[in-house]
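Accompanying notes for the structure given below.
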Amino acid sequence: MDAPMAADTSGSSAMPEAPPETVDAPVAIEAHQLGVKFRRNRIRHRRLSDLIRQEKQGRARSEFWALRNVSFQITQGESVGIIGANGQGKSTLLKLVAGTLIPDEGWVRLVGGVAPLVNISGGFKADLTVRDNLHIVGGLHGMLRDEVEERFDDIIDFAEVGDFVDTPFRHLSSGMRTRVAFSLITSLDEPTVIIDETLSVGDRSFKRKAYERLDTMLAGGRTVFIVSHSERQLQRLCTRGIYLRRGRVQADGDIGEVLQQYNADRENEGHPGWKGERKRARRERRQRRREAGRLAAAGLLPTDNVDFDEEGEDLPDAPAPRQV
Amino acid sequence: MARTRAIWTNRRILRILIVRDLKVRYSDSVLGFAWTLLDPLLLTLVYWFVFGVIVSRGSATEQPYILWLLTGILPFQWTSHVLGDSGRLLGNDAKLVTSSSLPREIWVLRSVSSRFVEFLFTLPITAVFVIFFLVFTDQDPARVPTIWILILPVAFAVQFLFNVGLGLLLSPLCMLYPDVQRVVRVFATLYRYLSPVIYGVATLEVSLKAQSWPSWMLIGDQTWPEWVLTIYSLNPLTGILNAYHAVLFPDEAPDVLPLLGLAALLSAVIFIYGWWLFRRLESRVLKEL
């Protein structure tokens, strides 16, 4: 897993043109001239005739670069947020760093393993018990049997599924499943943590716990690589931001400044930007709450099930800024 | 090669995956592990009923026919299952594949290995039948394992290589082109009859000789189309299954070593080509997941 994941090994001999900014701090993630191209026509499957026919013709116009010339260097202990609108290459970059996608150009190198908080319940099998699943998925992510054994109780406690250890995974509620998966992946000792924005970890109280746990992990000097749409989340967790636009690095620097530039760009392009979106979201939430209140009054909906916390307003206070 | 080393360092994970496969396969059925034995056993009984009883396959030398079938069907099922797996190896388990950065070859090795373990579990069926015929019938010649039993590890190794080659070759193709998956499914059925499962290489030769052939099918002054047999032996499973048959039926399995050697060579070619293609298509497969 710690072998460099280079599709183009011939390029790996060339060093990045820009000298590393921090020479003394050890590198955790290094990307050099990364590029990935996708087909524009999103036909998932091709016909057999395509296999036989030469695909050379028309290749140029049917393909586009989702990412190109993306280079950066992340030192150990840094926490970096990837910013960008939808479809600008954020998730693609995340996959490249996690090693689940192979670049068409350039290379990305990771020092040490990765705890991927991406698609966290991917390895879990519905038919097996929670215990079996923890052993197997833990193993898949490089945990030794003894390590799983050792952390087993902690993982179960944190996920709050003490009574379901020997229950098949499919009998757990979806919230429980995510909690188990989150609890396991965050128990990994890997020096780098990759977090996807789509990470939703259940109800409000667990969300709080989850963020506290991420804070502890960050405080422990891990490298964090996070893709998110939530300005709040990014400012809380990150010190550095990389702004992707049309598959290229538009800005790379202090998180506050990069967010500012991103918002300015969004407004210039006619999008309301985060401020406007938040205003709209708040308005919608108010409206929905009123509606739900009416329904509850009519005895149609139990009020305690209504959770409108979408922006994570109940998050614990941000920890003191770390010394990187 | 760096790739080989990466796979080797992940062998512990491979073992975990195999155990997972076996657990999953039997976790949700009442009979559980018994299905490993029942599946091929029922299949064998069906074949025995059709070809042994109804058609009453002539060759008196392949008796007891049920033992002949077992020595062919059990190993054939290994390859057949791998063919079936290759269609969904990367597609259906996409969540698993994309949740880790393991070398993707692991997913093929996982299928071949867990199917191999299953195959090993079914071998006692043959042993039980051998003992049964030995004790309860006065079969002549008695079907006891011959010296050819020593060839089994080699046959396992060659078939493993062949199966891994097939998996590497077909799993990315099935993922990218669903048509291939359909072709594979049809071919898997056909393959059972094109390999020495229900009949032996010796029987095929006898049958070919017994027919009268139009002259255009013959090369030179041959009296029977020997080229059919040549093409037939270019199927790696011919040499492999022939070796399995030789253990109990040494007289019905000719040229064990040359045929197995040829199978090994062809398997190696398929394996190398399969791996090359797999590496070439890997990037595209990952984009589709």
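Chains: A, B, ... in order of the structure tokens. Residues: from 1 per chain. Ligands: from 1, in order shown.
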
Starting from chain B, keep only residues with some atom at most 8 Å from an atom of chain A, counting only C-alpha atoms, and report them as a compact mmCIF listing (two decimals) with N, CA and C atoms, in the first residue's frame.
```txt
# COMPACT_ATOMS: atom_id res chain seq x y z
N ALA B 6 3.62 -6.13 -4.25
CA ALA B 6 2.46 -5.51 -3.60
C ALA B 6 1.40 -6.56 -3.30
N ILE B 13 -4.38 -10.12 3.66
CA ILE B 13 -5.70 -9.61 3.31
C ILE B 13 -6.41 -10.59 2.39
N ILE B 16 -7.94 -13.15 4.49
CA ILE B 16 -9.15 -12.62 5.13
C ILE B 16 -10.33 -12.64 4.16
N LEU B 17 -10.04 -12.26 2.91
CA LEU B 17 -11.10 -12.22 1.91
C LEU B 17 -11.65 -13.60 1.61
N ARG B 20 -13.81 -14.59 4.39
CA ARG B 20 -15.04 -13.81 4.29
C ARG B 20 -15.98 -14.45 3.26
N LYS B 23 -17.46 -17.57 4.61
CA LYS B 23 -18.46 -17.27 5.65
C LYS B 23 -19.75 -16.76 5.02
N VAL B 24 -19.60 -15.83 4.08
CA VAL B 24 -20.78 -15.24 3.46
C VAL B 24 -21.60 -16.31 2.75
N SER B 27 -23.53 -18.37 5.37
CA SER B 27 -24.09 -17.77 6.58
C SER B 27 -25.61 -17.71 6.55
N ASP B 28 -26.20 -17.68 5.36
CA ASP B 28 -27.62 -17.40 5.32
C ASP B 28 -28.48 -18.59 4.91
N LYS B 95 -18.34 -1.54 -4.54
CA LYS B 95 -18.18 -0.81 -3.28
C LYS B 95 -16.95 -1.30 -2.52
N LEU B 96 -16.78 -2.61 -2.59
CA LEU B 96 -15.62 -3.20 -1.90
C LEU B 96 -14.34 -2.80 -2.62
N VAL B 97 -14.36 -2.89 -3.94
CA VAL B 97 -13.16 -2.58 -4.73
C VAL B 97 -12.76 -1.12 -4.52
N THR B 98 -13.76 -0.22 -4.50
CA THR B 98 -13.42 1.20 -4.40
C THR B 98 -13.20 1.65 -2.96
N SER B 99 -13.38 0.75 -2.01
CA SER B 99 -13.16 1.17 -0.63
C SER B 99 -11.70 0.99 -0.21
N SER B 100 -10.89 0.43 -1.07
CA SER B 100 -9.48 0.28 -0.69
C SER B 100 -8.60 0.37 -1.92
N SER B 101 -7.33 0.61 -1.66
CA SER B 101 -6.41 0.79 -2.78
C SER B 101 -5.56 -0.46 -3.00
N LEU B 102 -6.09 -1.60 -2.56
CA LEU B 102 -5.37 -2.85 -2.76
C LEU B 102 -5.10 -3.08 -4.25
N LEU B 176 -16.43 -3.92 -18.66
CA LEU B 176 -16.52 -2.85 -19.65
C LEU B 176 -17.53 -3.17 -20.74
N TYR B 177 -17.67 -4.44 -21.04
CA TYR B 177 -18.57 -4.84 -22.13
C TYR B 177 -19.52 -5.93 -21.64
N PRO B 178 -20.73 -5.57 -21.24
CA PRO B 178 -21.67 -6.57 -20.72
C PRO B 178 -21.93 -7.71 -21.70
N ASP B 179 -21.75 -7.44 -22.98
CA ASP B 179 -21.93 -8.51 -23.96
C ASP B 179 -21.01 -9.68 -23.68
N VAL B 180 -19.80 -9.35 -23.30
CA VAL B 180 -18.83 -10.41 -23.03
C VAL B 180 -19.36 -11.32 -21.93
N SER B 283 -7.24 0.95 -15.32
CA SER B 283 -7.56 2.37 -15.14
C SER B 283 -8.97 2.68 -15.65
N LEU B 286 -11.67 1.26 -13.30
CA LEU B 286 -11.85 2.06 -12.09
C LEU B 286 -12.68 3.30 -12.36
N LYS B 287 -12.53 3.86 -13.54
CA LYS B 287 -13.32 5.04 -13.87
C LYS B 287 -14.81 4.71 -14.00
N GLU B 288 -15.10 3.47 -14.37
CA GLU B 288 -16.50 3.09 -14.58
C GLU B 288 -17.18 2.71 -13.28
```

Pick from B:Val135, B:Leu237, B:Ile149, B:Ile73 nearest to B:Leu42, counting only C-alpha atoms: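 That would be B:Ile73, the residue with the smallest distance to B:Leu42.
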
From a backbone DSSP assignment, name each residue in stretch 36-275 of chain B labelled alpha helix (DSSP H), as a ChimeraX atom specification. /B:36-47,65-86,94-97,105-136,152-176,178-194,201-210,226-233,236-248,256-275

So how far away is atom CA of B:Val256 from atom CA of B:Asp221, in Å? 27.1 Å

Long-range neighbours of A:Lys90 as an MDAnalysis selection string, 7 Å cut-off, only C-alpha atoms, 5 positions minimum in chain: chainID A and resid 82 84 227 244

Using only all heavy atoms, please write the residues we just selected to a file, as a CSV table (one decimal), in the first residue's frame.
```csv
chain,number,residue,atom,x,y,z
A,82,ILE,N,-10.2,20.7,0.3
A,82,ILE,CA,-10.3,20.8,-1.1
A,82,ILE,C,-11.7,21.6,-1.4
A,82,ILE,O,-12.7,21.1,-1.0
A,82,ILE,CB,-10.3,19.5,-1.9
A,82,ILE,CG1,-9.1,18.7,-1.5
A,82,ILE,CG2,-10.3,19.7,-3.4
A,82,ILE,CD1,-7.8,19.4,-1.8
A,84,GLY,N,-14.3,23.7,-4.1
A,84,GLY,CA,-14.6,23.9,-5.5
A,84,GLY,C,-16.1,23.6,-5.7
A,84,GLY,O,-16.7,22.9,-4.9
A,227,VAL,N,-12.6,16.8,1.6
A,227,VAL,CA,-13.3,17.5,0.5
A,227,VAL,C,-14.7,17.9,1.1
A,227,VAL,O,-15.3,17.0,1.7
A,227,VAL,CB,-13.6,16.5,-0.6
A,227,VAL,CG1,-14.7,17.0,-1.5
A,227,VAL,CG2,-12.3,16.4,-1.5
A,244,LEU,N,-10.1,24.1,-6.5
A,244,LEU,CA,-10.1,23.5,-7.8
A,244,LEU,C,-11.1,24.1,-8.7
A,244,LEU,O,-12.3,24.3,-8.2
A,244,LEU,CB,-10.4,22.0,-7.7
A,244,LEU,CG,-9.3,21.1,-7.1
A,244,LEU,CD1,-9.8,19.6,-7.2
A,244,LEU,CD2,-8.0,21.2,-7.9
```

Spatial neighbours of stretch 73-81 of chain A, 9 Å, only C-alpha atoms, chain gap at least 2 places, as a PyMOL selection string: chain A and resi 20-22+25-32+71+83+111+191-192+218-228+234-235+237-243+255+324

Next, the residues of the selection above should be written as an mmCIF file, in the first residue's frame with C-alpha atoms.
```
data_model
loop_
_atom_site.group_PDB
_atom_site.id
_atom_site.type_symbol
_atom_site.label_atom_id
_atom_site.label_comp_id
_atom_site.auth_asym_id
_atom_site.auth_seq_id
_atom_site.Cartn_x
_atom_site.Cartn_y
_atom_site.Cartn_z
ATOM 1 C CA PRO A 20 9.035 22.142 -1.957
ATOM 2 C CA GLU A 21 7.968 24.993 0.295
ATOM 3 C CA THR A 22 8.839 23.296 3.518
ATOM 4 C CA ALA A 25 8.982 18.899 7.350
ATOM 5 C CA PRO A 26 8.440 15.374 5.986
ATOM 6 C CA VAL A 27 6.056 15.018 3.060
ATOM 7 C CA ALA A 28 2.798 13.125 3.597
ATOM 8 C CA ILE A 29 1.084 13.478 0.217
ATOM 9 C CA GLU A 30 2.722 14.595 -2.967
ATOM 10 C CA ALA A 31 0.956 15.040 -6.283
ATOM 11 C CA HIS A 32 2.825 15.799 -9.449
ATOM 12 C CA SER A 71 0.527 19.443 -8.300
ATOM 13 C CA ILE A 83 -12.722 23.534 -2.309
ATOM 14 C CA VAL A 111 3.876 8.233 2.762
ATOM 15 C CA PRO A 191 -0.929 8.787 9.515
ATOM 16 C CA THR A 192 -3.223 10.237 6.841
ATOM 17 C CA LEU A 218 -6.136 16.019 14.181
ATOM 18 C CA ALA A 219 -4.594 16.981 17.482
ATOM 19 C CA GLY A 220 -2.587 13.779 17.286
ATOM 20 C CA GLY A 221 -0.685 15.217 14.336
ATOM 21 C CA ARG A 222 -2.369 13.339 11.518
ATOM 22 C CA THR A 223 -2.429 14.641 8.018
ATOM 23 C CA VAL A 224 -5.973 15.426 6.960
ATOM 24 C CA PHE A 225 -7.224 15.686 3.416
ATOM 25 C CA ILE A 226 -10.849 16.721 3.256
ATOM 26 C CA VAL A 227 -13.344 17.474 0.518
ATOM 27 C CA SER A 228 -16.296 19.507 1.648
ATOM 28 C CA LEU A 234 -13.560 23.506 6.367
ATOM 29 C CA GLN A 235 -12.722 26.472 8.538
ATOM 30 C CA LEU A 237 -10.853 21.484 10.452
ATOM 31 C CA CYS A 238 -8.393 22.952 7.959
ATOM 32 C CA THR A 239 -5.481 25.323 7.906
ATOM 33 C CA ARG A 240 -4.857 25.194 4.197
ATOM 34 C CA GLY A 241 -7.173 25.192 1.218
ATOM 35 C CA ILE A 242 -6.753 24.040 -2.344
ATOM 36 C CA TYR A 243 -9.300 25.534 -4.702
ATOM 37 C CA ILE A 255 -7.997 28.380 4.106
ATOM 38 C CA VAL A 324 1.794 22.979 12.296
#
```

Identify, on the basis of only C-alpha atoms, every residue whose closest approach to B:Arg182 does not exceed 12 Å; exclude the query and any residue fewer than 5 positions from it along the same chain; express the result as a list in words.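 Result of the neighbour search: Leu48 of chain A; Leu83, Gly84, Ser86, Gly87, Arg88, Leu170, Leu173, Cys174, Met175, Tyr177, Phe187, Ala188 and Thr189 of chain B.
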
Backbone-only DSSP, strand (DSSP E) members of stretch 50-210 of chain A, as an mmCIF file with N, CA, C and O atoms, in the first residue's frame:
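Wrote result-v6.cif, looks like this:
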```cif
data_model
loop_
_atom_site.group_PDB
_atom_site.id
_atom_site.type_symbol
_atom_site.label_atom_id
_atom_site.label_comp_id
_atom_site.auth_asym_id
_atom_site.auth_seq_id
_atom_site.Cartn_x
_atom_site.Cartn_y
_atom_site.Cartn_z
ATOM 1 N N GLU A 63 -13.512 12.845 -25.150
ATOM 2 C CA GLU A 63 -12.893 12.791 -23.835
ATOM 3 C C GLU A 63 -12.568 14.182 -23.320
ATOM 4 O O GLU A 63 -12.354 15.106 -24.092
ATOM 5 N N PHE A 64 -12.572 14.310 -22.010
ATOM 6 C CA PHE A 64 -12.183 15.594 -21.426
ATOM 7 C C PHE A 64 -11.372 15.329 -20.164
ATOM 8 O O PHE A 64 -11.454 14.265 -19.566
ATOM 9 N N TRP A 65 -10.587 16.317 -19.803
ATOM 10 C CA TRP A 65 -9.747 16.160 -18.619
ATOM 11 C C TRP A 65 -10.512 16.641 -17.391
ATOM 12 O O TRP A 65 -10.840 17.816 -17.282
ATOM 13 N N ALA A 66 -10.787 15.705 -16.475
ATOM 14 C CA ALA A 66 -11.466 16.091 -15.235
ATOM 15 C C ALA A 66 -10.491 16.807 -14.317
ATOM 16 O O ALA A 66 -10.870 17.678 -13.538
ATOM 17 N N LEU A 67 -9.244 16.439 -14.431
ATOM 18 C CA LEU A 67 -8.187 17.066 -13.647
ATOM 19 C C LEU A 67 -6.972 17.149 -14.546
ATOM 20 O O LEU A 67 -6.724 16.232 -15.324
ATOM 21 N N ARG A 68 -6.227 18.243 -14.436
ATOM 22 C CA ARG A 68 -4.997 18.276 -15.205
ATOM 23 C C ARG A 68 -3.992 19.215 -14.544
ATOM 24 O O ARG A 68 -4.359 20.248 -13.995
ATOM 25 N N ASN A 69 -2.735 18.822 -14.646
ATOM 26 C CA ASN A 69 -1.631 19.629 -14.110
ATOM 27 C C ASN A 69 -1.843 19.985 -12.647
ATOM 28 O O ASN A 69 -1.575 21.103 -12.240
ATOM 29 N N VAL A 70 -2.347 19.054 -11.905
ATOM 30 C CA VAL A 70 -2.553 19.310 -10.479
ATOM 31 C C VAL A 70 -1.324 18.839 -9.714
ATOM 32 O O VAL A 70 -0.993 17.661 -9.743
ATOM 33 N N SER A 71 -0.654 19.776 -9.098
ATOM 34 C CA SER A 71 0.527 19.443 -8.300
ATOM 35 C C SER A 71 0.412 20.103 -6.939
ATOM 36 O O SER A 71 -0.002 21.246 -6.843
ATOM 37 N N PHE A 72 0.744 19.390 -5.924
ATOM 38 C CA PHE A 72 0.830 19.988 -4.585
ATOM 39 C C PHE A 72 1.628 19.060 -3.694
ATOM 40 O O PHE A 72 1.897 17.913 -4.038
ATOM 41 N N GLN A 73 1.993 19.609 -2.565
ATOM 42 C CA GLN A 73 2.765 18.834 -1.617
ATOM 43 C C GLN A 73 2.183 19.112 -0.242
ATOM 44 O O GLN A 73 2.001 20.272 0.118
ATOM 45 N N ILE A 74 1.864 18.089 0.480
ATOM 46 C CA ILE A 74 1.278 18.276 1.796
ATOM 47 C C ILE A 74 2.229 17.681 2.819
ATOM 48 O O ILE A 74 2.630 16.518 2.682
ATOM 49 N N THR A 75 2.591 18.476 3.786
ATOM 50 C CA THR A 75 3.531 17.962 4.787
ATOM 51 C C THR A 75 2.766 17.261 5.896
ATOM 52 O O THR A 75 1.575 17.501 6.091
ATOM 53 N N SER A 79 -3.546 19.990 7.636
ATOM 54 C CA SER A 79 -4.913 19.615 7.299
ATOM 55 C C SER A 79 -5.384 20.493 6.156
ATOM 56 O O SER A 79 -5.382 21.713 6.255
ATOM 57 N N VAL A 80 -5.725 19.840 5.060
ATOM 58 C CA VAL A 80 -5.982 20.547 3.821
ATOM 59 C C VAL A 80 -7.412 20.300 3.366
ATOM 60 O O VAL A 80 -7.878 19.159 3.351
ATOM 61 N N GLY A 81 -8.100 21.366 3.025
ATOM 62 C CA GLY A 81 -9.455 21.245 2.509
ATOM 63 C C GLY A 81 -9.470 21.487 1.017
ATOM 64 O O GLY A 81 -8.804 22.398 0.530
ATOM 65 N N ILE A 82 -10.224 20.658 0.302
ATOM 66 C CA ILE A 82 -10.343 20.842 -1.136
ATOM 67 C C ILE A 82 -11.654 21.563 -1.407
ATOM 68 O O ILE A 82 -12.719 21.107 -0.977
ATOM 69 N N ILE A 83 -11.558 22.685 -2.093
ATOM 70 C CA ILE A 83 -12.722 23.534 -2.309
ATOM 71 C C ILE A 83 -13.018 23.597 -3.796
ATOM 72 O O ILE A 83 -12.097 23.558 -4.623
ATOM 73 N N GLU A 105 -2.085 10.784 -16.184
ATOM 74 C CA GLU A 105 -0.855 11.566 -16.274
ATOM 75 C C GLU A 105 -0.350 11.806 -14.873
ATOM 76 O O GLU A 105 -1.131 11.951 -13.942
ATOM 77 N N GLY A 106 0.954 11.922 -14.746
ATOM 78 C CA GLY A 106 1.532 12.279 -13.463
ATOM 79 C C GLY A 106 1.401 11.175 -12.424
ATOM 80 O O GLY A 106 1.058 10.050 -12.736
ATOM 81 N N TRP A 107 1.664 11.535 -11.199
ATOM 82 C CA TRP A 107 1.603 10.527 -10.134
ATOM 83 C C TRP A 107 1.270 11.185 -8.809
ATOM 84 O O TRP A 107 1.409 12.395 -8.637
ATOM 85 N N VAL A 108 0.820 10.368 -7.886
ATOM 86 C CA VAL A 108 0.578 10.840 -6.528
ATOM 87 C C VAL A 108 1.244 9.851 -5.587
ATOM 88 O O VAL A 108 1.241 8.648 -5.828
ATOM 89 N N ARG A 109 1.857 10.400 -4.559
ATOM 90 C CA ARG A 109 2.613 9.533 -3.663
ATOM 91 C C ARG A 109 2.144 9.788 -2.232
ATOM 92 O O ARG A 109 1.944 10.937 -1.840
ATOM 93 N N LEU A 110 1.960 8.728 -1.515
ATOM 94 C CA LEU A 110 1.544 8.842 -0.119
ATOM 95 C C LEU A 110 2.625 8.207 0.735
ATOM 96 O O LEU A 110 3.143 7.154 0.391
ATOM 97 N N VAL A 114 -3.386 5.017 4.717
ATOM 98 C CA VAL A 114 -4.455 5.992 4.716
ATOM 99 C C VAL A 114 -5.665 5.418 5.449
ATOM 100 O O VAL A 114 -5.986 4.248 5.302
ATOM 101 N N ALA A 115 -6.311 6.244 6.260
ATOM 102 C CA ALA A 115 -7.613 5.870 6.815
ATOM 103 C C ALA A 115 -8.660 6.589 5.978
ATOM 104 O O ALA A 115 -8.855 7.784 6.134
ATOM 105 N N PRO A 116 -9.292 5.898 5.039
ATOM 106 C CA PRO A 116 -10.203 6.586 4.134
ATOM 107 C C PRO A 116 -11.611 6.689 4.703
ATOM 108 O O PRO A 116 -12.320 5.692 4.828
ATOM 109 N N LEU A 117 -12.023 7.905 5.065
ATOM 110 C CA LEU A 117 -13.411 8.102 5.495
ATOM 111 C C LEU A 117 -14.229 8.446 4.254
ATOM 112 O O LEU A 117 -14.871 9.476 4.148
ATOM 113 N N THR A 192 -2.456 9.319 7.668
ATOM 114 C CA THR A 192 -3.223 10.237 6.841
ATOM 115 C C THR A 192 -4.703 9.880 6.894
ATOM 116 O O THR A 192 -5.059 8.709 6.835
ATOM 117 N N VAL A 193 -5.536 10.889 7.017
ATOM 118 C CA VAL A 193 -6.980 10.672 7.030
ATOM 119 C C VAL A 193 -7.581 11.393 5.828
ATOM 120 O O VAL A 193 -7.283 12.565 5.599
ATOM 121 N N ILE A 194 -8.405 10.684 5.070
ATOM 122 C CA ILE A 194 -9.067 11.291 3.926
ATOM 123 C C ILE A 194 -10.556 11.323 4.221
ATOM 124 O O ILE A 194 -11.145 10.303 4.576
ATOM 125 N N ILE A 195 -11.163 12.500 4.124
ATOM 126 C CA ILE A 195 -12.577 12.621 4.472
ATOM 127 C C ILE A 195 -13.366 13.150 3.283
ATOM 128 O O ILE A 195 -12.964 14.132 2.656
#
```

At what distance in Å, to one decimal, does atom CA of A:Ser91 lie from atom CA of A:Ile155?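 Separation of atom CA of A:Ile155 and atom CA of A:Ser91: 27.8 Å.
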